[in-house]
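J.: So here's data37.cif, just mmCIF, C-alpha atoms:
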```cif
data_data
loop_
_atom_site.label_atom_id
_atom_site.label_comp_id
_atom_site.auth_asym_id
_atom_site.auth_seq_id
_atom_site.Cartn_x
_atom_site.Cartn_y
_atom_site.Cartn_z
CA SER A 544 16.45 25.03 -3.90
CA GLY A 545 16.68 28.34 -5.78
CA ASP A 546 19.82 29.70 -4.13
CA GLU A 547 20.99 31.20 -7.43
CA PHE A 548 17.71 33.09 -7.75
CA GLU A 549 18.21 34.60 -4.29
CA VAL A 550 21.49 36.11 -5.46
CA ILE A 551 19.91 37.41 -8.67
CA LYS A 552 17.03 38.91 -6.70
CA GLN A 553 19.42 40.65 -4.34
CA TYR A 554 21.59 42.25 -7.04
CA ILE A 555 19.39 42.85 -10.09
CA ASN A 556 17.21 45.94 -10.33
CA GLY A 557 13.95 45.05 -12.04
CA PHE A 558 14.10 41.45 -10.82
CA GLU A 559 10.31 41.21 -11.02
CA ASN A 560 10.52 41.82 -14.80
CA LEU A 561 12.74 38.77 -15.40
CA GLU A 562 11.35 35.38 -16.35
CA LEU A 563 13.19 32.69 -14.41
CA LEU A 564 12.99 28.93 -14.64
CA GLY A 565 14.62 26.46 -12.27
CA VAL A 566 14.97 22.81 -13.23
CA ASP A 567 16.03 20.11 -10.78
CA TYR A 568 15.69 16.36 -10.53
CA CYS A 569 15.24 16.42 -6.76
CA PRO A 570 11.60 16.79 -5.60
CA SER A 571 12.60 18.22 -2.21
CA ALA A 572 14.77 20.90 -3.85
CA ILE A 573 11.87 21.93 -6.10
CA LYS A 574 9.47 21.96 -3.15
CA SER A 575 11.86 24.12 -1.11
CA ALA A 576 12.39 26.53 -4.02
CA LYS A 577 8.67 26.90 -4.67
CA LYS A 578 8.08 27.71 -1.01
CA LYS A 579 10.99 30.17 -0.90
CA PHE A 580 9.69 32.05 -3.96
CA GLU A 581 5.94 31.57 -3.57
CA ASP A 582 5.35 35.35 -3.80
CA ASP A 583 7.46 35.78 -6.95
CA LYS A 584 5.17 35.23 -9.95
CA ASN A 585 8.04 35.53 -12.42
CA ILE A 586 9.71 32.29 -11.29
CA ASN A 587 8.72 28.76 -12.25
CA PHE A 588 10.25 25.48 -11.14
CA LEU A 589 10.18 22.14 -12.90
CA GLU A 590 11.10 18.75 -11.52
CA ALA A 591 12.88 17.09 -14.42
CA ASN A 592 15.93 15.08 -15.41
CA ILE A 593 18.48 17.25 -17.22
CA ASN A 594 19.09 14.35 -19.61
CA HIS A 595 15.51 14.68 -20.87
CA LEU A 596 15.12 18.43 -21.40
CA ASP A 597 13.80 17.90 -24.94
CA LYS A 598 10.54 16.56 -23.47
CA LEU A 599 9.89 19.92 -21.75
CA ASN A 600 9.68 22.19 -24.82
CA LEU A 601 11.62 24.92 -22.98
CA GLY A 602 12.65 27.33 -25.70
CA THR A 603 15.86 29.37 -25.43
CA PHE A 604 17.33 31.48 -22.65
CA ASP A 605 19.38 34.66 -22.25
CA LEU A 606 21.30 33.16 -19.33
CA ILE A 607 21.88 29.57 -18.29
CA ILE A 608 23.24 28.86 -14.82
CA SER A 609 24.32 25.39 -13.78
CA ILE A 610 26.09 24.98 -10.46
CA GLY A 611 27.44 21.47 -9.91
CA THR A 612 24.72 19.94 -12.07
CA LEU A 613 26.30 18.93 -15.35
CA GLN A 614 29.00 16.91 -13.62
CA SER A 615 26.59 15.08 -11.34
CA VAL A 616 24.32 13.46 -13.91
CA ASN A 617 24.70 10.01 -15.38
CA SER A 618 25.45 11.11 -18.91
CA ASN A 619 28.22 12.16 -21.22
CA PHE A 620 29.26 15.61 -19.95
CA LYS A 621 30.53 16.85 -23.33
CA LEU A 622 27.43 15.81 -25.27
CA LEU A 623 25.06 17.18 -22.62
CA PHE A 624 26.89 20.51 -22.48
CA GLN A 625 26.96 20.89 -26.27
CA ASP A 626 23.26 20.03 -26.44
CA ILE A 627 22.40 22.71 -23.88
CA VAL A 628 24.43 25.37 -25.69
CA GLN A 629 23.04 24.49 -29.12
CA LYS A 630 19.37 24.03 -28.16
CA TYR A 631 18.72 26.26 -25.16
CA LEU A 632 21.14 29.21 -25.16
CA LYS A 633 20.07 32.25 -27.18
CA LYS A 634 22.48 33.44 -29.87
CA ASP A 635 23.70 36.30 -27.69
CA GLY A 636 23.14 34.48 -24.38
CA ALA A 637 25.52 33.96 -21.47
CA MET A 638 26.42 31.08 -19.17
CA ILE A 639 27.57 30.61 -15.61
CA LEU A 640 28.79 27.12 -14.80
CA GLY A 641 29.99 25.97 -11.39
CA PHE A 642 32.31 22.98 -11.19
CA PRO A 643 32.64 21.49 -7.68
CA ASN A 644 36.20 21.69 -6.39
CA CYS A 645 35.73 20.46 -2.83
CA ARG A 646 33.90 17.97 -0.69
CA TRP A 647 33.46 17.31 3.00
CA ILE A 648 35.22 14.35 4.59
CA ASP A 649 34.89 13.84 8.35
CA SER A 650 33.91 17.50 8.91
CA GLU A 651 36.90 18.72 6.92
CA MET A 652 36.78 20.42 3.54
CA VAL A 653 39.02 18.66 1.04
CA TYR A 654 39.79 20.40 -2.25
CA GLY A 655 39.79 18.62 -5.56
CA ALA A 656 37.42 16.19 -7.17
CA LYS A 657 37.25 12.58 -6.07
CA ALA A 658 38.17 10.49 -9.07
CA PRO A 659 37.03 6.86 -9.33
CA ASN A 660 39.67 4.37 -8.20
CA TYR A 661 41.80 7.09 -6.58
CA PRO A 662 42.24 7.17 -2.80
CA PHE A 663 42.92 10.94 -2.93
CA SER A 664 41.56 14.10 -4.53
CA GLU A 665 42.56 14.63 -8.12
CA LEU A 666 41.80 17.72 -10.21
CA SER A 667 42.42 16.38 -13.70
CA LEU A 668 38.78 15.33 -14.29
CA VAL A 669 37.41 18.76 -13.30
CA LEU A 670 40.10 20.55 -15.28
CA LYS A 671 39.41 18.37 -18.31
CA ASP A 672 35.71 19.35 -18.26
CA ILE A 673 36.54 23.03 -17.73
CA HIS A 674 39.09 23.01 -20.54
CA PHE A 675 36.65 21.36 -22.94
CA THR A 676 33.90 23.83 -21.99
CA LYS A 677 36.16 26.85 -22.36
CA LYS A 678 37.51 25.76 -25.73
CA TYR A 679 34.04 24.90 -27.07
CA LEU A 680 32.62 28.28 -26.06
CA GLN A 681 35.62 30.20 -27.38
CA GLN A 682 35.17 28.50 -30.76
CA LYS A 683 31.62 29.85 -30.72
CA LYS A 684 32.98 33.38 -30.06
CA TYR A 685 32.37 33.61 -26.32
CA ARG A 686 34.61 35.41 -23.87
CA VAL A 687 35.30 32.87 -21.11
CA ILE A 688 36.61 33.59 -17.61
CA ILE A 689 37.35 31.02 -14.92
CA THR A 690 37.46 31.94 -11.22
CA GLY A 691 36.71 30.38 -7.86
CA LYS A 692 37.92 28.16 -5.06
CA ASP A 693 35.28 25.83 -3.50
CA TYR A 694 33.55 25.89 -6.87
CA LEU A 695 35.40 26.77 -10.05
CA PHE A 696 33.16 29.16 -11.97
CA LEU A 697 33.20 29.49 -15.71
CA THR A 698 31.41 32.56 -17.03
CA ALA A 699 30.89 33.10 -20.71
CA ARG A 700 29.31 35.82 -22.79
CA LYS A 701 29.22 36.47 -26.49
CA LEU A 702 31.94 38.72 -27.86
CA CYS A 703 30.74 41.92 -29.54
CA GLY A 704 30.17 41.33 -33.23
CA GLY A 705 31.01 44.81 -34.54
CA SER A 706 34.34 46.17 -35.61
CA ILE A 707 36.23 48.85 -33.69
CA ASN A 708 37.51 51.95 -35.45
CA ILE A 709 40.60 53.56 -33.95
CA ASP A 710 41.61 56.99 -35.24
#
```
How would this structure read if it were set down as structure tokens?

T.:
Amino acid sequence: SGDEFEVIKQYINGFENLELLGVDYCPSAIKSAKKKFEDDKNINFLEANINHLDKLNLGTFDLIISIGTLQSVNSNFKLLFQDIVQKYLKKDGAMILGFPNCRWIDSEMVYGAKAPNYPFSELSLVLKDIHFTKKYLQQKKYRVIITGKDYLFLTARKLCGGSINID
């Protein structure tokens, strides 16, 4: 529904000079986002399945944000993530990924992912995905930081390529 764009709009000077693209599988989310940002000509929204991004001819991006998306699709997380980094992230681009770490049960927030065949919350699946993502990006020379509570956020940006002279 474009919530991430609201945050960017609030904190970034020159927001109107950015080109933003939101992709979501849910038609109602796209409809809501388009209505919310109908006056912003620098934002486009596409209704599409993240597993079929190649059909969209998107190009590459300076920043990719995915909050709770990569873990919710019916695909191989590792392959999908690698594909996104390799095909859609610019060489010096950055990423913000949000991994869900809570859910609501009977009006109560319960932390931890719900693993199949477990009657309780279990973090190992989320941590496994975060660890893989962090290691993969570090191998590609990204600085990776993980923070959060309700969502565990992984932020990554390319390390500076130059050398540092110390006198």

J.: Between A:Ser544, A:Asn644, A:Asn585, A:Ile689, which is the closest to Gly557 (chain A) once you count all atoms listed in the file?

T.: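 The answer is A:Asn585, which sits nearest to Gly557 (chain A).
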
J.: Here's the selection I'm unsure about, the PyMOL selection byres ((chain A and resi 606-623) around 7); applied to the file above, which residues does it give, as a list in words?

T.: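 For this structure, the PyMOL selection byres ((chain A and resi 606-623) around 7) captures Phe604, Asp605, Phe624, Gln625, Asp626, Ile627, Leu632, Gly636, Ala637, Met638, Ile639, Leu640, Gly641, Phe642 and Pro643 of chain A.
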
J.: Hey, can you check how far CA of Tyr679 (chain A) sits from CA of Tyr694 (chain A)?

T.: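 Going from CA of Tyr679 (chain A) over to CA of Tyr694 (chain A) covers 20.2 Å.
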
J.: Going by the chain IDs and residue numbers used in this file, which residues fall under the PyMOL selection byres ((chain A and resi 562-565) around 8)? Write them as a list in words.

T.: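 Given this file, the PyMOL selection byres ((chain A and resi 562-565) around 8) evaluates to Gly545, Glu559, Asn560, Leu561, Val566, Asp567, Asn585, Ile586, Asn587, Phe588 and Leu589 of chain A.
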
J.: Please identify all polymer residues within 12 Å of His674 (chain A), counting only C-alpha atoms, omitting same-chain residues fewer than 6 positions from it, and present them as a list in words.

T.: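 Within the cut-off, the hits are Lys621, Phe642, Leu666, Ser667, Leu668, Leu680, Gln681, Val687, Ile688, Ile689, Leu695 and Leu697 of chain A.
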
J.: Under the rule that all atoms listed in the file are counted, which of A:Lys578, A:Lys584, A:Lys630, A:Arg686 is the nearest residue to Thr698 (chain A)?

T.: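 Residue with the minimum atom-to-atom distance to Thr698 (chain A): A:Arg686.
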
J.: At a cut-off of 9 Å, using all atoms listed in the file, what residues contact Asp635 (chain A)? Leave out same-chain residues fewer than 5 positions from it and give the result as a ChimeraX atom specification.

T.: /A:605,700-702

J.: Suppose you want the space between CA of Gln629 (chain A) and CA of Lys684 (chain A); what is it in Å?

T.: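 Interatomic distance here is 13.4 Å.
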
J.: Kindly give the distance, in Å, that separates CA of Leu599 (chain A) and CA of Lys677 (chain A), rounded to a single decimal.

T.: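 According to the coordinates, CA of Leu599 (chain A) and CA of Lys677 (chain A) are separated by 27.2 Å.
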